[in-house]
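Student: File name coords28.pdb; file contents PDB, C-alpha atoms, pLDDT in the B column; full text below.
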```pdb
MODEL        1
ATOM      1  CA  MET A 297       7.498  39.106  19.245  1.00 52.00           C
ATOM      2  CA  ILE A 298       6.263  42.160  21.153  1.00 65.00           C
ATOM      3  CA  ASP A 299       7.608  42.751  24.659  1.00 71.00           C
ATOM      4  CA  ILE A 300       4.566  43.622  26.786  1.00 74.00           C
ATOM      5  CA  GLY A 301       4.919  43.712  30.533  1.00 79.00           C
ATOM      6  CA  LEU A 302       2.269  43.301  33.224  1.00 77.00           C
ATOM      7  CA  SER A 303       1.902  47.041  33.751  1.00 83.00           C
ATOM      8  CA  LYS A 304       1.298  47.661  30.032  1.00 85.00           C
ATOM      9  CA  ILE A 305      -1.336  44.917  29.920  1.00 80.00           C
ATOM     10  CA  ALA A 306      -3.113  46.458  32.952  1.00 82.00           C
ATOM     11  CA  LEU A 307      -3.046  49.895  31.275  1.00 84.00           C
ATOM     12  CA  ILE A 308      -4.501  48.480  28.047  1.00 81.00           C
ATOM     13  CA  GLY A 309      -7.212  46.670  30.037  1.00 79.00           C
ATOM     14  CA  ALA A 310      -8.169  49.845  31.903  1.00 82.00           C
ATOM     15  CA  VAL A 311      -8.383  51.859  28.656  1.00 83.00           C
ATOM     16  CA  ALA A 312     -10.447  49.083  27.024  1.00 79.00           C
ATOM     17  CA  LEU A 313     -12.820  49.039  30.016  1.00 79.00           C
ATOM     18  CA  ILE A 314     -13.348  52.794  29.756  1.00 83.00           C
ATOM     19  CA  VAL A 315     -13.719  52.881  25.959  1.00 83.00           C
ATOM     20  CA  ILE A 316     -15.764  49.727  25.384  1.00 80.00           C
ATOM     21  CA  GLY A 317     -17.717  49.531  28.575  1.00 80.00           C
ATOM     22  CA  PRO A 318     -18.205  46.725  31.099  1.00 78.00           C
ATOM     23  CA  GLU A 319     -21.129  45.159  29.163  1.00 84.00           C
ATOM     24  CA  LYS A 320     -19.271  44.494  25.890  1.00 82.00           C
ATOM     25  CA  LEU A 321     -15.837  43.779  27.411  1.00 78.00           C
ATOM     26  CA  PRO A 322     -16.257  39.964  27.839  1.00 82.00           C
ATOM     27  CA  ARG A 323     -17.380  39.537  24.212  1.00 86.00           C
ATOM     28  CA  VAL A 324     -14.510  41.706  22.935  1.00 81.00           C
ATOM     29  CA  ALA A 325     -12.034  39.792  25.117  1.00 81.00           C
ATOM     30  CA  ARG A 326     -13.312  36.469  23.705  1.00 88.00           C
ATOM     31  CA  THR A 327     -12.961  37.800  20.155  1.00 89.00           C
ATOM     32  CA  VAL A 328      -9.448  39.083  20.806  1.00 83.00           C
ATOM     33  CA  GLY A 329      -8.471  35.784  22.432  1.00 88.00           C
ATOM     34  CA  MET A 330      -9.893  33.832  19.486  1.00 93.00           C
ATOM     35  CA  LEU A 331      -7.990  35.998  17.001  1.00 90.00           C
ATOM     36  CA  LEU A 332      -4.760  35.634  19.012  1.00 89.00           C
ATOM     37  CA  GLY A 333      -5.243  31.837  19.055  1.00 92.00           C
ATOM     38  CA  LYS A 334      -5.748  31.781  15.286  1.00 93.00           C
ATOM     39  CA  ALA A 335      -2.636  33.884  14.791  1.00 92.00           C
ATOM     40  CA  GLN A 336      -0.575  31.555  17.005  1.00 93.00           C
ATOM     41  CA  ARG A 337      -1.852  28.491  15.121  1.00 94.00           C
ATOM     42  CA  TYR A 338      -1.020  30.142  11.800  1.00 94.00           C
ATOM     43  CA  VAL A 339       2.513  30.989  12.989  1.00 94.00           C
ATOM     44  CA  SER A 340       3.034  27.417  14.246  1.00 94.00           C
ATOM     45  CA  ASP A 341       1.746  26.009  10.917  1.00 94.00           C
ATOM     46  CA  VAL A 342       4.166  28.230   8.999  1.00 94.00           C
ATOM     47  CA  LYS A 343       7.040  27.096  11.254  1.00 94.00           C
ATOM     48  CA  GLN A 344       6.131  23.436  10.728  1.00 94.00           C
ATOM     49  CA  GLU A 345       5.957  23.919   6.961  1.00 94.00           C
ATOM     50  CA  VAL A 346       9.353  25.624   6.891  1.00 93.00           C
ATOM     51  CA  SER A 347      10.952  22.868   8.988  1.00 93.00           C
ATOM     52  CA  ARG A 348       9.301  20.211   6.806  1.00 93.00           C
ATOM     53  CA  SER A 349      10.640  21.818   3.635  1.00 93.00           C
ATOM     54  CA  MET A 350      14.123  22.030   5.193  1.00 94.00           C
ATOM     55  CA  GLU A 351      13.950  18.318   6.079  1.00 94.00           C
ATOM     56  CA  LEU A 352      12.828  17.503   2.531  1.00 93.00           C
ATOM     57  CA  ASP A 353      15.766  19.442   1.109  1.00 93.00           C
ATOM     58  CA  GLU A 354      18.156  17.559   3.400  1.00 94.00           C
ATOM     59  CA  LEU A 355      16.589  14.228   2.391  1.00 94.00           C
ATOM     60  CA  LYS A 356      16.879  15.121  -1.308  1.00 94.00           C
ATOM     61  CA  LYS A 357      20.544  15.980  -0.867  1.00 95.00           C
ATOM     62  CA  MET A 358      21.139  12.725   1.019  1.00 95.00           C
ATOM     63  CA  LYS A 359      19.282  10.758  -1.689  1.00 95.00           C
ATOM     64  CA  GLU A 360      21.378  12.347  -4.438  1.00 95.00           C
ATOM     65  CA  SER A 361      24.601  11.579  -2.581  1.00 95.00           C
ATOM     66  CA  MET A 362      23.500   7.949  -2.014  1.00 95.00           C
ATOM     67  CA  GLU A 363      22.559   7.559  -5.684  1.00 95.00           C
ATOM     68  CA  GLY A 364      25.943   8.949  -6.722  1.00 95.00           C
ATOM     69  CA  ALA A 365      27.735   6.563  -4.378  1.00 95.00           C
ATOM     70  CA  ALA A 366      25.679   3.637  -5.721  1.00 94.00           C
ATOM     71  CA  ARG A 367      26.542   4.603  -9.303  1.00 94.00           C
ATOM     72  CA  ASP A 368      30.229   4.802  -8.404  1.00 95.00           C
ATOM     73  CA  VAL A 369      30.129   1.365  -6.774  1.00 94.00           C
ATOM     74  CA  GLU A 370      28.263  -0.088  -9.747  1.00 94.00           C
ATOM     75  CA  ASN A 371      30.779   1.365 -12.198  1.00 94.00           C
ATOM     76  CA  SER A 372      33.720   0.040 -10.181  1.00 95.00           C
ATOM     77  CA  ILE A 373      32.122  -3.422 -10.012  1.00 94.00           C
ATOM     78  CA  GLN A 374      31.519  -3.431 -13.769  1.00 93.00           C
ATOM     79  CA  THR A 375      35.098  -2.406 -14.525  1.00 94.00           C
ATOM     80  CA  ASN A 376      36.438  -5.013 -12.099  1.00 94.00           C
ATOM     81  CA  THR A 377      34.292  -7.779 -13.606  1.00 93.00           C
ATOM     82  CA  SER A 378      35.234  -6.846 -17.153  1.00 92.00           C
ATOM     83  CA  ASP A 379      38.937  -6.806 -16.175  1.00 92.00           C
ATOM     84  CA  PHE A 380      38.538 -10.174 -14.459  1.00 92.00           C
ATOM     85  CA  GLU A 381      36.761 -11.666 -17.488  1.00 91.00           C
ATOM     86  CA  LYS A 382      39.521 -10.411 -19.779  1.00 90.00           C
ATOM     87  CA  SER A 383      42.224 -11.833 -17.554  1.00 90.00           C
ATOM     88  CA  TRP A 384      40.297 -15.121 -17.185  1.00 88.00           C
ATOM     89  CA  ALA A 385      39.889 -15.399 -20.941  1.00 86.00           C
ATOM     90  CA  GLU A 386      43.597 -14.761 -21.410  1.00 86.00           C
ATOM     91  CA  THR A 387      44.517 -17.314 -18.751  1.00 85.00           C
ATOM     92  CA  THR A 388      42.189 -20.132 -19.838  1.00 81.00           C
ATOM     93  CA  GLY A 389      42.164 -19.347 -23.546  1.00 74.00           C
ATOM     94  CA  THR A 390      38.341 -19.392 -23.820  1.00 63.00           C
ATOM     95  CA  ALA A 391      36.459 -16.721 -25.715  1.00 55.00           C
ATOM     96  CA  SER A 392      33.376 -16.239 -23.566  1.00 54.00           C
ATOM     97  CA  SER A 393      32.354 -16.782 -19.966  1.00 49.00           C
ATOM     98  CA  GLU A 394      29.383 -18.969 -21.016  1.00 56.00           C
ATOM     99  CA  GLU A 395      31.683 -21.755 -22.205  1.00 56.00           C
ATOM    100  CA  LEU A 396      33.675 -22.203 -19.002  1.00 58.00           C
ATOM    101  CA  PRO A 397      34.910 -25.749 -18.413  1.00 61.00           C
ATOM    102  CA  GLY A 398      33.219 -27.647 -15.621  1.00 68.00           C
ATOM    103  CA  MET A 399      30.101 -25.442 -15.678  1.00 73.00           C
ATOM    104  CA  ILE A 400      26.785 -27.320 -15.830  1.00 79.00           C
ATOM    105  CA  THR A 401      24.054 -25.712 -17.901  1.00 81.00           C
ATOM    106  CA  LEU A 402      20.559 -26.328 -16.556  1.00 84.00           C
ATOM    107  CA  PRO A 403      17.530 -26.517 -18.865  1.00 87.00           C
ATOM    108  CA  GLU A 404      15.315 -23.457 -18.970  1.00 89.00           C
ATOM    109  CA  TYR A 405      11.912 -23.591 -17.246  1.00 88.00           C
ATOM    110  CA  LYS A 406       8.945 -23.844 -19.610  1.00 88.00           C
ATOM    111  CA  HIS A 407       5.397 -23.272 -18.386  1.00 86.00           C
ATOM    112  CA  PRO A 408       3.231 -26.391 -18.932  1.00 83.00           C
ATOM    113  CA  LYS A 409       0.325 -24.316 -20.400  1.00 81.00           C
ATOM    114  CA  LYS A 410      -2.334 -26.214 -18.460  1.00 81.00           C
ATOM    115  CA  ASN A 411      -5.640 -24.731 -17.436  1.00 80.00           C
ATOM    116  CA  TRP A 412      -6.910 -26.259 -14.211  1.00 76.00           C
ATOM    117  CA  ARG A 413     -10.428 -24.882 -14.829  1.00 76.00           C
ATOM    118  CA  LEU A 414     -10.843 -27.082 -17.899  1.00 74.00           C
ATOM    119  CA  LYS A 415     -10.028 -30.289 -16.046  1.00 70.00           C
ATOM    120  CA  ALA A 416     -12.421 -33.121 -16.913  1.00 68.00           C
ATOM    121  CA  GLY A 417     -14.098 -34.922 -14.044  1.00 71.00           C
ATOM    122  CA  ALA A 418     -12.975 -38.470 -13.327  1.00 79.00           C
ATOM    123  CA  THR A 419     -16.308 -39.708 -11.932  1.00 84.00           C
ATOM    124  CA  PRO A 420     -18.537 -41.328 -14.617  1.00 85.00           C
ATOM    125  CA  GLN A 421     -22.012 -39.906 -15.226  1.00 86.00           C
ATOM    126  CA  TRP A 422     -23.768 -43.251 -14.551  1.00 91.00           C
ATOM    127  CA  TYR A 423     -22.214 -43.343 -11.059  1.00 89.00           C
ATOM    128  CA  LYS A 424     -23.324 -39.786 -10.318  1.00 87.00           C
ATOM    129  CA  ALA A 425     -26.864 -40.567 -11.499  1.00 89.00           C
ATOM    130  CA  ARG A 426     -27.024 -43.758  -9.415  1.00 92.00           C
ATOM    131  CA  SER A 427     -25.701 -42.138  -6.224  1.00 91.00           C
ATOM    132  CA  GLY A 428     -27.854 -39.018  -6.579  1.00 85.00           C
ATOM    133  CA  VAL A 429     -25.099 -36.444  -7.050  1.00 85.00           C
ATOM    134  CA  ARG A 430     -26.514 -33.238  -8.496  1.00 82.00           C
ATOM    135  CA  THR A 431     -24.828 -32.377 -11.780  1.00 82.00           C
ATOM    136  CA  LYS A 432     -27.063 -29.453 -12.745  1.00 83.00           C
ATOM    137  CA  ALA A 433     -28.430 -26.531 -10.762  1.00 86.00           C
ATOM    138  CA  LEU A 434     -32.174 -26.401 -10.169  1.00 84.00           C
ATOM    139  CA  SER A 435     -34.203 -23.254 -10.638  1.00 91.00           C
ATOM    140  CA  GLY A 436     -36.363 -22.039  -7.798  1.00 89.00           C
ATOM    141  CA  ALA A 437     -39.602 -23.256  -9.432  1.00 92.00           C
ATOM    142  CA  ALA A 438     -38.101 -26.678 -10.185  1.00 90.00           C
ATOM    143  CA  ARG A 439     -36.908 -27.012  -6.587  1.00 87.00           C
ATOM    144  CA  VAL A 440     -40.384 -26.151  -5.252  1.00 90.00           C
ATOM    145  CA  ALA A 441     -41.975 -28.658  -7.635  1.00 89.00           C
ATOM    146  CA  ARG A 442     -39.493 -31.383  -6.686  1.00 85.00           C
ATOM    147  CA  TYR A 443     -39.878 -31.032  -2.927  1.00 86.00           C
ATOM    148  CA  ARG A 444     -43.624 -30.257  -2.850  1.00 89.00           C
ATOM    149  CA  PRO A 445     -45.467 -32.742  -0.636  1.00 88.00           C
ATOM    150  CA  ARG A 446     -47.685 -35.130  -2.622  1.00 84.00           C
ATOM    151  CA  PRO A 447     -51.390 -35.021  -1.916  1.00 82.00           C
ATOM    152  CA  GLY A 448     -52.691 -37.867   0.202  1.00 76.00           C
ATOM    153  CA  VAL A 449     -49.310 -38.681   1.776  1.00 65.00           C
ATOM    154  CA  SER A 450     -49.036 -37.573   5.372  1.00 63.00           C
ATOM    155  CA  SER A 451     -45.691 -36.525   6.764  1.00 59.00           C
ATOM    156  CA  SER A 452     -46.622 -37.176  10.412  1.00 59.00           C
ATOM    157  CA  HIS A 453     -46.838 -40.681  11.865  1.00 54.00           C
ATOM    158  CA  LYS A 454     -50.038 -41.680  13.584  1.00 53.00           C
ATOM    159  CA  GLY A 455     -49.507 -44.517  15.845  1.00 45.00           C
TER     160      GLY A 455
ENDMDL
END
```
Any chance you could put this one into structure tokens?

Tutor:
Amino acid sequence: MIDIGLSKIALIGAVALIVIGPEKLPRVARTVGMLLGKAQRYVSDVKQEVSRSMELDELKKMKESMEGAARDVENSIQTNTSDFEKSWAETTGTASSEELPGMITLPEYKHPKKNWRLKAGATPQWYKARSGVRTKALSGAARVARYRPRPGVSSSHKG
């Protein structure tokens, strides 16, 4: 940046002390320091952005070269397989690769179309009623009415 030596900094400080005065010098020095810090942060941010964009360009170039290589490999594999299929068909005398001798064809998977949420319960209703299994939800008022203590029946034992 700017080549400033120690003597030049001392000269600038002496001139600033004379011009500004000793009372305002600390506040001016803080302001100048803050502005220099902001400028340094801005310069470092710009440098980081430039390096990041250069890295992105390099990555894009590498990606393009990898995609091109993958396409070349894919094309060579396709040509090799088609050549092999042609030579195989000529050798064996079959028309397509699906009808190769000795190949076992497996049946295709079919989804059973079951819905586990609609499964019917196996326990009969009479058994649930006899054993006291709740089959329906109670409302709050019904629950209070069901478990309300009966008048005249004491819950504590007097012995």

Student: What is the atom CA of Gly329 of chain A to atom CA of Glu345 of chain A distance in Å?

Tutor: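 Pair atom CA of Gly329 of chain A / atom CA of Glu345 of chain A returns 24.3 Å.
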
Student: Edge lengths and centre, in Å to one decimal, as JSON: that's what I need for the box along x, y and z that holds all listed atoms of segment 340-345 of chain A plus 8 Å on each side.

Tutor:
```
{"center_x": 4.4, "center_y": 25.8, "center_z": 10.6, "size_x": 21.3, "size_y": 20.8, "size_z": 23.3}
```

Student: What does the distance from atom CA of Ile400 of chain A to atom CA of Thr387 of chain A come to in Å, to one decimal?

Tutor: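 Calculated distance between atom CA of Ile400 of chain A and atom CA of Thr387 of chain A is 20.6 Å.
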
Student: Could you state the separation of atom CA of Lys382 of chain A and atom CA of Thr401 of chain A in Å, given to one decimal place?

Tutor: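 Taking atom CA of Lys382 of chain A as the start and atom CA of Thr401 of chain A as the end point, the length is 21.8 Å.
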
Student: Taking the block above, write segment 368-381 of chain A with N, CA, C and O atoms as a compact mmCIF listing (two decimals), in the first residue's frame.

Tutor:
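Printed below is out-v1.txt as written:
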```txt
# COMPACT_ATOMS: atom_id res chain seq x y z
N ASP A 368 -17.92 -39.63 -22.15
CA ASP A 368 -17.07 -40.45 -23.03
C ASP A 368 -17.08 -41.91 -22.59
O ASP A 368 -17.20 -42.82 -23.42
N VAL A 369 -16.96 -42.15 -21.29
CA VAL A 369 -16.98 -43.52 -20.78
C VAL A 369 -18.33 -44.17 -21.06
O VAL A 369 -18.39 -45.33 -21.48
N GLU A 370 -19.41 -43.42 -20.85
CA GLU A 370 -20.74 -43.97 -21.09
C GLU A 370 -20.92 -44.33 -22.57
O GLU A 370 -21.44 -45.40 -22.90
N ASN A 371 -20.47 -43.45 -23.45
CA ASN A 371 -20.58 -43.73 -24.88
C ASN A 371 -19.77 -44.96 -25.27
O ASN A 371 -20.22 -45.81 -26.04
N SER A 372 -18.55 -45.07 -24.72
CA SER A 372 -17.72 -46.24 -25.05
C SER A 372 -18.35 -47.52 -24.52
O SER A 372 -18.33 -48.55 -25.19
N ILE A 373 -18.96 -47.47 -23.34
CA ILE A 373 -19.62 -48.65 -22.79
C ILE A 373 -20.81 -49.04 -23.65
O ILE A 373 -21.02 -50.22 -23.95
N GLN A 374 -21.59 -48.04 -24.08
CA GLN A 374 -22.75 -48.35 -24.92
C GLN A 374 -22.33 -48.96 -26.25
O GLN A 374 -22.93 -49.93 -26.72
N THR A 375 -21.29 -48.42 -26.86
CA THR A 375 -20.83 -48.98 -28.14
C THR A 375 -20.29 -50.39 -27.93
O THR A 375 -20.57 -51.29 -28.73
N ASN A 376 -19.56 -50.61 -26.85
CA ASN A 376 -19.03 -51.95 -26.57
C ASN A 376 -20.15 -52.95 -26.32
O ASN A 376 -20.10 -54.08 -26.81
N THR A 377 -21.18 -52.55 -25.56
CA THR A 377 -22.28 -53.47 -25.29
C THR A 377 -23.07 -53.76 -26.55
O THR A 377 -23.48 -54.91 -26.78
N SER A 378 -23.30 -52.74 -27.37
CA SER A 378 -24.04 -53.00 -28.61
C SER A 378 -23.23 -53.92 -29.53
O SER A 378 -23.79 -54.83 -30.15
N ASP A 379 -21.91 -53.71 -29.62
CA ASP A 379 -21.07 -54.60 -30.43
C ASP A 379 -21.10 -56.03 -29.88
O ASP A 379 -21.18 -57.00 -30.64
N PHE A 380 -21.04 -56.16 -28.55
CA PHE A 380 -21.07 -57.48 -27.94
C PHE A 380 -22.40 -58.17 -28.20
O PHE A 380 -22.44 -59.37 -28.50
N GLU A 381 -23.52 -57.40 -28.07
CA GLU A 381 -24.83 -58.00 -28.33
C GLU A 381 -24.95 -58.46 -29.78
O GLU A 381 -25.51 -59.53 -30.06
```
